[in-house]
$ cat model24.cif   # mmCIF, C-alpha atoms
data_entry
loop_
_atom_site.group_PDB
_atom_site.id
_atom_site.type_symbol
_atom_site.label_atom_id
_atom_site.label_comp_id
_atom_site.auth_asym_id
_atom_site.auth_seq_id
_atom_site.Cartn_x
_atom_site.Cartn_y
_atom_site.Cartn_z
ATOM 1 C CA MET E 156 -14.134 -5.543 30.433
ATOM 2 C CA ASN E 157 -13.529 -2.965 33.157
ATOM 3 C CA GLN E 158 -13.949 -5.620 35.824
ATOM 4 C CA MET E 159 -11.324 -7.863 34.200
ATOM 5 C CA VAL E 160 -8.813 -5.007 34.063
ATOM 6 C CA MET E 161 -9.415 -4.200 37.723
ATOM 7 C CA LEU E 162 -9.073 -7.862 38.704
ATOM 8 C CA VAL E 163 -5.759 -8.181 36.856
ATOM 9 C CA LEU E 164 -4.541 -4.927 38.389
ATOM 10 C CA ILE E 165 -5.413 -6.161 41.889
ATOM 11 C CA LEU E 166 -3.561 -9.434 41.272
ATOM 12 C CA VAL E 167 -0.459 -7.594 40.030
ATOM 13 C CA VAL E 168 -0.446 -5.286 43.049
ATOM 14 C CA PHE E 169 -0.956 -8.258 45.373
ATOM 15 C CA TYR E 170 2.002 -10.059 43.780
ATOM 16 C CA PHE E 171 4.414 -7.133 44.080
ATOM 17 C CA PHE E 172 3.434 -6.095 47.608
ATOM 18 C CA MET E 173 2.771 -9.468 49.251
ATOM 19 C CA ILE E 174 4.141 -12.520 47.448
ATOM 20 C CA ARG E 175 7.424 -11.229 46.000
ATOM 21 C CA PRO E 176 8.797 -9.701 49.259
ATOM 22 C CA GLN E 177 7.943 -12.891 51.152
ATOM 23 C CA MET E 178 9.798 -15.037 48.607
ATOM 24 C CA LYS E 179 12.829 -12.735 48.861
ATOM 25 C CA LYS E 180 12.799 -12.983 52.656
ATOM 26 C CA GLN E 181 12.650 -16.798 52.483
ATOM 27 C CA LYS E 182 15.631 -16.871 50.086
ATOM 28 C CA GLU E 183 17.691 -14.668 52.421
ATOM 29 C CA LEU E 184 16.840 -16.847 55.432
ATOM 30 C CA LYS E 185 17.789 -20.015 53.537
ATOM 31 C CA LYS E 186 21.095 -18.459 52.481
ATOM 32 C CA PHE E 187 21.758 -17.398 56.099
ATOM 33 C CA ARG E 188 21.086 -20.902 57.420
ATOM 34 C CA GLU E 189 23.330 -22.494 54.783
ATOM 35 C CA GLY E 190 26.129 -20.093 55.737
ATOM 36 C CA LEU E 191 26.166 -20.962 59.443
ATOM 37 C CA SER E 192 29.581 -21.938 60.759
ATOM 38 C CA VAL E 193 31.232 -23.004 63.999
ATOM 39 C CA GLY E 194 31.623 -20.106 66.423
ATOM 40 C CA ASP E 195 28.634 -18.079 65.190
ATOM 41 C CA LYS E 196 26.292 -16.792 67.874
ATOM 42 C CA VAL E 197 22.664 -17.452 66.965
ATOM 43 C CA VAL E 198 19.120 -17.054 68.251
ATOM 44 C CA THR E 199 16.532 -19.795 67.782
ATOM 45 C CA ILE E 200 12.886 -19.309 66.895
ATOM 46 C CA GLY E 201 12.083 -19.948 70.563
ATOM 47 C CA GLY E 202 14.467 -17.194 71.709
ATOM 48 C CA ILE E 203 17.340 -19.384 72.920
ATOM 49 C CA HIS E 204 20.741 -17.732 72.492
ATOM 50 C CA GLY E 205 23.755 -19.949 71.885
ATOM 51 C CA LYS E 206 27.070 -20.448 70.141
ATOM 52 C CA ILE E 207 27.450 -23.015 67.349
ATOM 53 C CA LEU E 208 29.756 -25.912 68.250
ATOM 54 C CA GLU E 209 29.081 -28.232 65.308
ATOM 55 C CA VAL E 210 27.325 -27.974 61.945
ATOM 56 C CA ALA E 211 25.894 -31.052 60.209
ATOM 57 C CA GLU E 212 23.860 -31.345 57.014
ATOM 58 C CA SER E 213 20.480 -30.584 58.579
ATOM 59 C CA THR E 214 21.267 -30.050 62.278
ATOM 60 C CA ILE E 215 23.518 -27.934 64.440
ATOM 61 C CA LEU E 216 24.871 -28.324 67.959
ATOM 62 C CA ILE E 217 24.808 -25.156 70.053
ATOM 63 C CA SER E 218 26.253 -24.390 73.444
ATOM 64 C CA VAL E 219 23.945 -22.665 75.919
ATOM 65 C CA ASP E 220 24.456 -21.718 79.578
ATOM 66 C CA THR E 221 23.057 -25.010 80.856
ATOM 67 C CA GLY E 222 24.721 -27.346 78.360
ATOM 68 C CA LYS E 223 24.389 -28.296 74.722
ATOM 69 C CA LEU E 224 21.400 -28.555 72.397
ATOM 70 C CA ARG E 225 21.098 -30.243 69.002
ATOM 71 C CA LEU E 226 18.647 -28.379 66.793
ATOM 72 C CA ASP E 227 17.391 -28.529 63.256
ATOM 73 C CA LYS E 228 18.790 -25.711 61.095
ATOM 74 C CA SER E 229 15.260 -24.496 60.456
ATOM 75 C CA ALA E 230 15.001 -23.605 64.169
ATOM 76 C CA ILE E 231 17.590 -20.832 63.774
ATOM 77 C CA SER E 232 15.985 -17.456 63.205
ATOM 78 C CA SER E 233 18.857 -14.972 63.243
ATOM 79 C CA SER E 234 22.377 -14.117 64.288
ATOM 80 C CA ALA E 235 22.862 -12.918 67.861
ATOM 81 C CA GLU E 236 25.251 -10.229 66.573
ATOM 82 C CA ASP E 237 22.384 -8.768 64.526
ATOM 83 C CA LYS E 238 20.266 -8.564 67.675
ATOM 84 C CA LEU E 239 23.046 -6.780 69.590
ATOM 85 C CA MET E 240 23.515 -4.183 66.838
ATOM 86 C CA VAL E 241 19.839 -3.206 66.927
ATOM 87 C CA LYS E 242 19.949 -2.147 70.580
#
$ encode --input "model24.cif" --output "structure tokens"
Amino acid sequence: MNQMVMLVLILVVFYFFMIRPQMKKQKELKKFREGLSVGDKVVTIGGIHGKILEVAESTILISVDTGKLRLDKSAISSSAEDKLMVK
């Protein structure tokens, strides 16, 4: 009986400290990507900084120093303004 209680307790702690925060982070990232609009400055997962020129259903077109790139929305990791505020 003691072992079952400990097992359940470990699972509850694991849920609240590992699974739940990760799900919350994924929701926030999805909301951020859905809210992208023309003119936003963004950073891709690969570290490319650019400005959004066009937003489609699942892709975006960004302007970079050397030209334009069409990327999947899932390749956007954060806003460039957020990165500038941290420094």
$ atom_distance --input "model24.cif" --atom1 "atom CA of E:Gly194" --atom2 "atom CA of E:Lys179"
26.8 Å
$ closest_residue --input "model24.cif" --among "E:Ile174, E:Met161, E:Ala235, E:Ala211" --to "E:Val197" --atoms "all atoms listed in the file"
E:Ala235
$ residues_around --input "model24.cif" --residues "stretch 216-218 of chain E" --least-positions-apart "6" --cutoff "8 Å" --atoms "only C-alpha atoms" --output "mmCIF file with C-alpha atoms, in the frame of the given file"
data_model
loop_
_atom_site.group_PDB
_atom_site.id
_atom_site.type_symbol
_atom_site.label_atom_id
_atom_site.label_comp_id
_atom_site.auth_asym_id
_atom_site.auth_seq_id
_atom_site.Cartn_x
_atom_site.Cartn_y
_atom_site.Cartn_z
ATOM 1 C CA GLY E 205 23.755 -19.949 71.885
ATOM 2 C CA LYS E 206 27.070 -20.448 70.141
ATOM 3 C CA ILE E 207 27.450 -23.015 67.349
ATOM 4 C CA LEU E 208 29.756 -25.912 68.250
ATOM 5 C CA GLU E 209 29.081 -28.232 65.308
ATOM 6 C CA VAL E 210 27.325 -27.974 61.945
ATOM 7 C CA LEU E 224 21.400 -28.555 72.397
ATOM 8 C CA ARG E 225 21.098 -30.243 69.002
ATOM 9 C CA LEU E 226 18.647 -28.379 66.793
#
$ atom_distance --input "model24.cif" --atom1 "atom CA of E:Arg188" --atom2 "atom CA of E:Phe169"
28.1 Å
$ resolve_selection --input "model24.cif" --expression "the PyMOL selection byres ((chain E and resi 187) around 12)" --output "list of chain:residue names"
E:Lys180, E:Gln181, E:Lys182, E:Glu183, E:Leu184, E:Lys185, E:Lys186, E:Arg188, E:Glu189, E:Gly190, E:Leu191, E:Ser192, E:Asp195, E:Val197, E:Lys228, E:Ser229, E:Ile231, E:Ser232, E:Ser233, E:Ser234
$ closest_residue --input "model24.cif" --among "E:Ile215, E:Gln177, E:Thr221, E:Leu162" --to "E:Thr199" --atoms "only C-alpha atoms"
E:Ile215
$ closest_residue --input "model24.cif" --among "E:Ala230, E:Gly222, E:Met159, E:Pro176" --to "E:Gly202" --atoms "only C-alpha atoms"
E:Ala230
$ atom_distance --input "model24.cif" --atom1 "atom CA of E:Gly201" --atom2 "atom CA of E:Phe172"
28.2 Å
$ axis_aligned_box --input "model24.cif" --around "stretch 187-197 of chain E" --padding-each-side "3 Å" --output "AutoDock Vina command-line options"
--center_x 26.4 --center_y -19.9 --center_z 61.3 --size_x 16.5 --size_y 12.2 --size_z 19.1
